[in-house]
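J.: Hey, dropping run.txt in here, compact mmCIF, N, CA and C atoms:
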# COMPACT_ATOMS: atom_id res chain seq x y z
N MET X 107 -7.51 8.48 8.59
CA MET X 107 -7.63 7.04 8.70
C MET X 107 -6.32 6.35 8.38
N ALA X 108 -5.46 7.01 7.61
CA ALA X 108 -4.17 6.40 7.27
C ALA X 108 -3.33 6.20 8.53
N LEU X 109 -3.35 7.18 9.43
CA LEU X 109 -2.59 7.06 10.67
C LEU X 109 -3.14 5.91 11.52
N ASP X 110 -4.44 5.78 11.57
CA ASP X 110 -5.04 4.67 12.33
C ASP X 110 -4.69 3.34 11.68
N ALA X 111 -4.61 3.29 10.35
CA ALA X 111 -4.24 2.05 9.66
C ALA X 111 -2.82 1.63 10.03
N VAL X 112 -1.90 2.58 10.06
CA VAL X 112 -0.52 2.27 10.43
C VAL X 112 -0.45 1.81 11.89
N GLY X 113 -1.13 2.53 12.77
CA GLY X 113 -1.13 2.17 14.19
C GLY X 113 -1.74 0.80 14.42
N THR X 114 -2.81 0.50 13.71
CA THR X 114 -3.46 -0.80 13.84
C THR X 114 -2.56 -1.92 13.33
N PHE X 115 -1.85 -1.67 12.22
CA PHE X 115 -0.93 -2.67 11.69
C PHE X 115 0.22 -2.94 12.66
N VAL X 116 0.80 -1.88 13.19
CA VAL X 116 1.92 -2.04 14.14
C VAL X 116 1.46 -2.78 15.39
N ALA X 117 0.30 -2.39 15.92
CA ALA X 117 -0.23 -3.06 17.12
C ALA X 117 -0.51 -4.53 16.82
N GLY X 118 -1.10 -4.82 15.66
CA GLY X 118 -1.38 -6.20 15.29
C GLY X 118 -0.11 -7.02 15.14
N ALA X 119 0.91 -6.41 14.54
CA ALA X 119 2.18 -7.12 14.37
C ALA X 119 2.81 -7.42 15.73
N LEU X 120 2.75 -6.46 16.65
CA LEU X 120 3.29 -6.70 18.00
C LEU X 120 2.51 -7.81 18.71
N LEU X 121 1.20 -7.82 18.56
CA LEU X 121 0.39 -8.87 19.17
C LEU X 121 0.74 -10.24 18.61
N LEU X 122 1.03 -10.31 17.32
CA LEU X 122 1.38 -11.58 16.70
C LEU X 122 2.78 -12.05 17.09
N VAL X 123 3.74 -11.14 17.10
CA VAL X 123 5.13 -11.51 17.28
C VAL X 123 5.54 -11.59 18.75
N MET X 124 5.00 -10.71 19.59
CA MET X 124 5.42 -10.66 20.99
C MET X 124 4.23 -10.70 21.95
N PRO X 125 3.44 -11.77 21.93
CA PRO X 125 2.25 -11.81 22.79
C PRO X 125 2.58 -11.80 24.28
N GLU X 126 3.70 -12.41 24.67
CA GLU X 126 4.07 -12.43 26.09
C GLU X 126 4.33 -11.01 26.60
N THR X 127 5.08 -10.24 25.81
CA THR X 127 5.41 -8.87 26.19
C THR X 127 4.15 -8.00 26.25
N VAL X 128 3.27 -8.16 25.27
CA VAL X 128 2.03 -7.37 25.24
C VAL X 128 1.16 -7.72 26.44
N ASN X 129 1.03 -9.01 26.75
CA ASN X 129 0.21 -9.41 27.90
C ASN X 129 0.78 -8.87 29.21
N THR X 130 2.09 -8.87 29.34
CA THR X 130 2.72 -8.29 30.53
C THR X 130 2.46 -6.80 30.60
N PHE X 131 2.56 -6.12 29.46
CA PHE X 131 2.33 -4.67 29.37
C PHE X 131 0.94 -4.31 29.88
N TYR X 132 -0.06 -5.13 29.51
CA TYR X 132 -1.43 -4.87 29.92
C TYR X 132 -1.80 -5.50 31.26
N GLY X 133 -0.92 -6.30 31.82
CA GLY X 133 -1.21 -6.93 33.10
C GLY X 133 -2.05 -8.19 32.96
N PHE X 134 -2.00 -8.85 31.80
CA PHE X 134 -2.75 -10.08 31.58
C PHE X 134 -1.87 -11.28 31.89
N GLY X 135 -2.49 -12.45 31.93
CA GLY X 135 -1.78 -13.68 32.24
C GLY X 135 -0.97 -14.20 31.07
N GLN X 136 -0.26 -15.29 31.33
CA GLN X 136 0.63 -15.88 30.33
C GLN X 136 0.26 -17.33 29.99
N THR X 137 -1.00 -17.72 30.22
CA THR X 137 -1.39 -19.09 29.89
C THR X 137 -1.41 -19.25 28.37
N GLU X 138 -1.40 -20.49 27.93
CA GLU X 138 -1.38 -20.76 26.49
C GLU X 138 -2.61 -20.19 25.79
N ILE X 139 -3.78 -20.30 26.41
CA ILE X 139 -5.00 -19.78 25.79
C ILE X 139 -4.96 -18.25 25.70
N GLU X 140 -4.43 -17.59 26.71
CA GLU X 140 -4.33 -16.13 26.66
C GLU X 140 -3.34 -15.67 25.58
N LEU X 141 -2.24 -16.40 25.43
CA LEU X 141 -1.29 -16.07 24.38
C LEU X 141 -1.88 -16.35 23.00
N TRP X 142 -2.62 -17.44 22.85
CA TRP X 142 -3.28 -17.72 21.58
C TRP X 142 -4.28 -16.62 21.24
N PHE X 143 -5.07 -16.21 22.22
CA PHE X 143 -6.06 -15.16 21.98
C PHE X 143 -5.38 -13.84 21.60
N THR X 144 -4.25 -13.54 22.22
CA THR X 144 -3.51 -12.33 21.87
C THR X 144 -3.04 -12.39 20.42
N ARG X 145 -2.53 -13.54 20.00
CA ARG X 145 -2.11 -13.69 18.60
C ARG X 145 -3.30 -13.59 17.65
N PHE X 146 -4.43 -14.15 18.04
CA PHE X 146 -5.63 -14.08 17.21
C PHE X 146 -6.09 -12.64 17.02
N ILE X 147 -6.10 -11.87 18.09
CA ILE X 147 -6.47 -10.45 18.01
C ILE X 147 -5.46 -9.71 17.12
N GLY X 148 -4.19 -10.09 17.20
CA GLY X 148 -3.18 -9.49 16.33
C GLY X 148 -3.46 -9.75 14.87
N LEU X 149 -3.86 -10.97 14.55
CA LEU X 149 -4.20 -11.31 13.17
C LEU X 149 -5.39 -10.48 12.69
N LEU X 150 -6.41 -10.36 13.53
CA LEU X 150 -7.57 -9.53 13.17
C LEU X 150 -7.18 -8.06 13.00
N SER X 151 -6.26 -7.58 13.82
CA SER X 151 -5.82 -6.19 13.73
C SER X 151 -5.07 -5.93 12.43
N VAL X 152 -4.24 -6.87 12.01
CA VAL X 152 -3.53 -6.72 10.74
C VAL X 152 -4.53 -6.68 9.59
N ALA X 153 -5.53 -7.55 9.63
CA ALA X 153 -6.57 -7.55 8.59
C ALA X 153 -7.34 -6.24 8.59
N LEU X 154 -7.67 -5.73 9.77
CA LEU X 154 -8.39 -4.46 9.87
C LEU X 154 -7.56 -3.31 9.33
N SER X 155 -6.26 -3.35 9.51
CA SER X 155 -5.41 -2.26 9.02
C SER X 155 -5.47 -2.14 7.50
N VAL X 156 -5.62 -3.27 6.81
CA VAL X 156 -5.76 -3.23 5.35
C VAL X 156 -7.06 -2.52 4.97
N LEU X 157 -8.13 -2.84 5.67
CA LEU X 157 -9.41 -2.19 5.42
C LEU X 157 -9.33 -0.69 5.71
N LEU X 158 -8.71 -0.32 6.82
CA LEU X 158 -8.60 1.08 7.18
C LEU X 158 -7.79 1.86 6.16
N SER X 159 -6.76 1.25 5.60
CA SER X 159 -5.91 1.96 4.66
C SER X 159 -6.62 2.26 3.35
N THR X 160 -7.66 1.52 3.03
CA THR X 160 -8.38 1.75 1.78
C THR X 160 -9.67 2.52 1.96
N THR X 161 -10.14 2.69 3.18
CA THR X 161 -11.45 3.28 3.41
C THR X 161 -11.52 4.76 3.05
N SER X 162 -10.52 5.54 3.41
CA SER X 162 -10.63 6.99 3.24
C SER X 162 -10.29 7.47 1.84
N ARG X 163 -9.73 6.64 1.03
CA ARG X 163 -9.30 7.10 -0.29
C ARG X 163 -10.40 6.85 -1.33
N ASN X 164 -10.64 7.87 -2.13
CA ASN X 164 -11.53 7.77 -3.29
C ASN X 164 -12.94 7.28 -2.94
N VAL X 165 -13.47 7.74 -1.85
CA VAL X 165 -14.85 7.40 -1.52
C VAL X 165 -15.67 8.68 -1.44
N GLU X 166 -16.94 8.54 -1.68
CA GLU X 166 -17.84 9.68 -1.58
C GLU X 166 -18.07 10.03 -0.11
N ASP X 167 -18.78 11.11 0.12
CA ASP X 167 -18.97 11.60 1.48
C ASP X 167 -19.76 10.65 2.37
N LYS X 168 -20.85 10.07 1.87
CA LYS X 168 -21.69 9.22 2.72
C LYS X 168 -20.97 7.96 3.20
N PRO X 169 -20.29 7.21 2.32
CA PRO X 169 -19.55 6.05 2.84
C PRO X 169 -18.44 6.46 3.81
N PHE X 170 -17.80 7.59 3.54
CA PHE X 170 -16.74 8.07 4.44
C PHE X 170 -17.34 8.39 5.81
N GLN X 171 -18.50 9.04 5.82
CA GLN X 171 -19.15 9.38 7.09
C GLN X 171 -19.52 8.13 7.86
N ARG X 172 -20.07 7.13 7.18
CA ARG X 172 -20.44 5.88 7.86
C ARG X 172 -19.21 5.18 8.43
N ALA X 173 -18.13 5.13 7.65
CA ALA X 173 -16.90 4.49 8.15
C ALA X 173 -16.34 5.26 9.33
N THR X 174 -16.38 6.58 9.27
CA THR X 174 -15.86 7.40 10.35
C THR X 174 -16.69 7.23 11.61
N LEU X 175 -18.01 7.20 11.47
CA LEU X 175 -18.87 6.98 12.64
C LEU X 175 -18.59 5.61 13.27
N ALA X 176 -18.41 4.60 12.41
CA ALA X 176 -18.10 3.26 12.94
C ALA X 176 -16.77 3.27 13.68
N LEU X 177 -15.77 3.94 13.13
CA LEU X 177 -14.45 3.96 13.77
C LEU X 177 -14.44 4.78 15.05
N ILE X 178 -15.27 5.81 15.13
CA ILE X 178 -15.40 6.55 16.39
C ILE X 178 -15.91 5.59 17.47
N GLY X 179 -16.97 4.86 17.14
CA GLY X 179 -17.54 3.91 18.10
C GLY X 179 -16.58 2.80 18.45
N ILE X 180 -15.90 2.24 17.45
CA ILE X 180 -14.97 1.13 17.69
C ILE X 180 -13.84 1.57 18.60
N ASN X 181 -13.22 2.72 18.31
CA ASN X 181 -12.10 3.18 19.13
C ASN X 181 -12.55 3.53 20.54
N ALA X 182 -13.73 4.10 20.68
CA ALA X 182 -14.24 4.42 22.02
C ALA X 182 -14.51 3.14 22.82
N VAL X 183 -15.09 2.12 22.17
CA VAL X 183 -15.37 0.86 22.86
C VAL X 183 -14.07 0.14 23.21
N VAL X 184 -13.09 0.17 22.31
CA VAL X 184 -11.79 -0.46 22.60
C VAL X 184 -11.15 0.23 23.80
N ALA X 185 -11.20 1.56 23.85
CA ALA X 185 -10.63 2.30 24.99
C ALA X 185 -11.30 1.88 26.29
N MET X 186 -12.62 1.81 26.28
CA MET X 186 -13.34 1.41 27.50
C MET X 186 -13.06 -0.04 27.87
N SER X 187 -12.93 -0.91 26.85
CA SER X 187 -12.66 -2.33 27.11
C SER X 187 -11.27 -2.53 27.70
N ILE X 188 -10.28 -1.81 27.17
CA ILE X 188 -8.93 -1.93 27.72
C ILE X 188 -8.90 -1.44 29.16
N TYR X 189 -9.54 -0.32 29.41
CA TYR X 189 -9.54 0.24 30.75
C TYR X 189 -10.22 -0.70 31.75
N GLY X 190 -11.33 -1.32 31.35
CA GLY X 190 -12.10 -2.17 32.26
C GLY X 190 -11.76 -3.64 32.21
N ALA X 191 -10.73 -4.01 31.44
CA ALA X 191 -10.39 -5.43 31.32
C ALA X 191 -9.88 -5.99 32.64
N PRO X 192 -10.14 -7.27 32.88
CA PRO X 192 -9.63 -7.88 34.12
C PRO X 192 -8.12 -8.00 34.06
N GLY X 193 -7.52 -8.10 35.20
CA GLY X 193 -6.07 -8.22 35.29
C GLY X 193 -5.50 -7.06 36.07
N VAL X 194 -4.20 -7.03 36.16
CA VAL X 194 -3.50 -5.98 36.90
C VAL X 194 -3.60 -4.68 36.11
N HIS X 195 -3.98 -3.61 36.80
CA HIS X 195 -4.08 -2.29 36.16
C HIS X 195 -2.68 -1.69 36.06
N THR X 196 -2.22 -1.44 34.81
CA THR X 196 -0.85 -0.97 34.59
C THR X 196 -0.86 0.39 33.91
N THR X 197 0.30 1.03 33.89
CA THR X 197 0.47 2.29 33.16
C THR X 197 0.25 2.07 31.68
N GLY X 198 0.66 0.92 31.17
CA GLY X 198 0.44 0.59 29.76
C GLY X 198 -1.02 0.59 29.40
N ARG X 199 -1.84 0.11 30.32
CA ARG X 199 -3.28 0.11 30.08
C ARG X 199 -3.80 1.54 30.00
N ASP X 200 -3.33 2.41 30.88
CA ASP X 200 -3.74 3.82 30.85
C ASP X 200 -3.30 4.51 29.56
N ILE X 201 -2.08 4.23 29.13
CA ILE X 201 -1.57 4.82 27.89
C ILE X 201 -2.40 4.37 26.70
N SER X 202 -2.69 3.08 26.62
CA SER X 202 -3.50 2.56 25.51
C SER X 202 -4.91 3.12 25.53
N THR X 203 -5.49 3.23 26.71
CA THR X 203 -6.82 3.83 26.83
C THR X 203 -6.80 5.26 26.29
N GLY X 204 -5.78 6.00 26.66
CA GLY X 204 -5.65 7.38 26.17
C GLY X 204 -5.47 7.46 24.66
N ILE X 205 -4.66 6.55 24.11
CA ILE X 205 -4.42 6.56 22.66
C ILE X 205 -5.71 6.26 21.91
N PHE X 206 -6.43 5.22 22.30
CA PHE X 206 -7.67 4.87 21.59
C PHE X 206 -8.73 5.97 21.77
N GLY X 207 -8.80 6.56 22.94
CA GLY X 207 -9.72 7.67 23.14
C GLY X 207 -9.36 8.87 22.28
N PHE X 208 -8.07 9.15 22.17
CA PHE X 208 -7.60 10.26 21.34
C PHE X 208 -7.90 10.01 19.86
N VAL X 209 -7.70 8.77 19.40
CA VAL X 209 -8.01 8.44 18.00
C VAL X 209 -9.51 8.60 17.73
N ALA X 210 -10.35 8.19 18.67
CA ALA X 210 -11.79 8.40 18.52
C ALA X 210 -12.09 9.90 18.41
N PHE X 211 -11.43 10.71 19.22
CA PHE X 211 -11.60 12.16 19.16
C PHE X 211 -11.14 12.71 17.81
N LEU X 212 -10.02 12.21 17.28
CA LEU X 212 -9.54 12.66 15.97
C LEU X 212 -10.53 12.32 14.87
N PHE X 213 -11.12 11.13 14.92
CA PHE X 213 -12.14 10.78 13.94
C PHE X 213 -13.35 11.70 14.07
N LEU X 214 -13.69 12.07 15.28
CA LEU X 214 -14.81 12.99 15.50
C LEU X 214 -14.52 14.34 14.85
N ILE X 215 -13.27 14.79 14.94
CA ILE X 215 -12.89 16.04 14.28
C ILE X 215 -12.89 15.90 12.77
N THR X 216 -12.47 14.74 12.26
CA THR X 216 -12.38 14.49 10.82
C THR X 216 -13.75 14.42 10.16
N LEU X 217 -14.74 13.98 10.89
CA LEU X 217 -16.08 13.75 10.32
C LEU X 217 -16.61 14.94 9.53
N PRO X 218 -16.57 16.17 10.04
CA PRO X 218 -17.12 17.28 9.25
C PRO X 218 -16.18 17.80 8.16
N ILE X 219 -14.92 17.41 8.16
CA ILE X 219 -13.97 17.97 7.19
C ILE X 219 -14.23 17.45 5.79
N LYS X 220 -14.38 16.16 5.60
CA LYS X 220 -14.54 15.58 4.27
C LYS X 220 -15.79 16.12 3.57
N PRO X 221 -16.95 16.19 4.22
CA PRO X 221 -18.14 16.65 3.52
C PRO X 221 -18.09 18.12 3.09
N ILE X 222 -17.21 18.94 3.66
CA ILE X 222 -17.19 20.33 3.24
C ILE X 222 -16.21 20.58 2.12
N GLY X 223 -15.70 19.54 1.51
CA GLY X 223 -14.92 19.72 0.30
C GLY X 223 -13.49 19.25 0.34
N TYR X 224 -12.97 18.85 1.47
CA TYR X 224 -11.58 18.39 1.52
C TYR X 224 -11.49 17.00 0.90
N LYS X 225 -10.62 16.84 -0.07
CA LYS X 225 -10.39 15.54 -0.69
C LYS X 225 -8.91 15.24 -0.63
N GLU X 226 -8.56 14.00 -0.40
CA GLU X 226 -7.16 13.62 -0.40
C GLU X 226 -6.62 13.68 -1.82
N ALA X 227 -5.37 14.04 -1.93
CA ALA X 227 -4.74 14.13 -3.25
C ALA X 227 -4.58 12.72 -3.82
N THR X 228 -4.90 12.59 -5.09
CA THR X 228 -4.73 11.29 -5.76
C THR X 228 -3.64 11.44 -6.80
N LYS X 229 -2.95 10.35 -7.02
CA LYS X 229 -1.86 10.39 -8.01
C LYS X 229 -2.30 9.82 -9.31
Could you spell out this file's structure in C-alpha cells?
T.:
Amino acid sequence: MALDAVGTFVAGALLLVMPETVNTFYGFGQTEIELWFTRFIGLLSVALSVLLSTTSRNVEDKPFQRATLALIGINAVVAMSIYGAPGVHTTGRDISTGIFGFVAFLFLITLPIKPIGYKEATK
C-alpha cells in the first residue's frame, strides 16, 4: 500500500499543478470546468494518499483485508473508468488503465500475505 500511496500522491500533485497537461494526456477538453474538475480530483487524490500511507501499518488482519478488498475494487473501477471515459482515446489512457489494473492485481496478491504472518517492520 505504500507504493500506491506514493503513486496516488504524485498523480494528485500532477492533477493539481498541471491540469492542462494531464487533460491533454488523457484526451480530455480544456474548458474551465474540466480543468477545475481535474484539480478537484487531484486534491482528493492527495487526501487519499495520506489515508493509504497509514492503512497498512500497525493494523490487524481483518482491517487490512477490508482495506485491501476496497482498494482492489477501487483500482479496478478506476482502470475501467479511465478506459471508457469520453474523449480522444490516447496511449496515455492505455498506460494508465494498465497501471491501475496492475495495482489492483498487486493488491490481490498482497491479500493473502498479511494474514499468514507477514508484518511490516516497525521502528
J.: Given the point (-7.9, -2.3, 4.7) in the coordinates of this file, which residues lie within 5 Å, counting only N, CA and C atoms, and how would they look as a VMD selection string?
T.: chain X and resid 154 to 160
J.: So which residues touch Gly207 (chain X) within 7 Å, counting only N, CA and C atoms, skipping near sequence neighbours fewer than 2 positions away, as a PyMOL selection string?
T.: chain X and resi 181-182+184-186+202-205+209-212
J.: From the set X:Leu109, X:Ile139, X:Val194, X:Ile178, which residue has the shortest atom-to-atom contact distance to Leu214 (chain X), counting only N, CA and C atoms?
T.: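 Ranked by minimum distance to Leu214 (chain X), first place goes to X:Ile178.
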J.: Quick one, how far is atom N of Ala153 (chain X) from CA of Pro218 (chain X)?
T.: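 Interatomic distance, atom N of Ala153 (chain X) to CA of Pro218 (chain X): 27.4 Å.
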J.: How far is it from CA of Val112 (chain X) to CA of Phe213 (chain X), in Å with one decimal?
T.: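 Value for the CA of Val112 (chain X)-CA of Phe213 (chain X) distance: 14.8 Å.
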J.: Suppose you want the space between CA of Leu141 (chain X) and atom C of Asp110 (chain X); what is it in Å?
T.: 23.4 Å
J.: Determine the nearest neighbour of Arg145 (chain X) from the options X:Gln171, X:Gly118, X:Thr130, X:Asp200, counting all atoms listed in the file.
T.: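 Counting all atoms listed in the file, the residue closest to Arg145 (chain X) is X:Gly118.
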J.: Please provide the set of residues having any atom within 8 Å of Gly133 (chain X), restricted to only N, CA and C atoms, with same-chain residues fewer than 6 positions apart removed, written as number ranges by chain.
T.: X: 127, 192-199
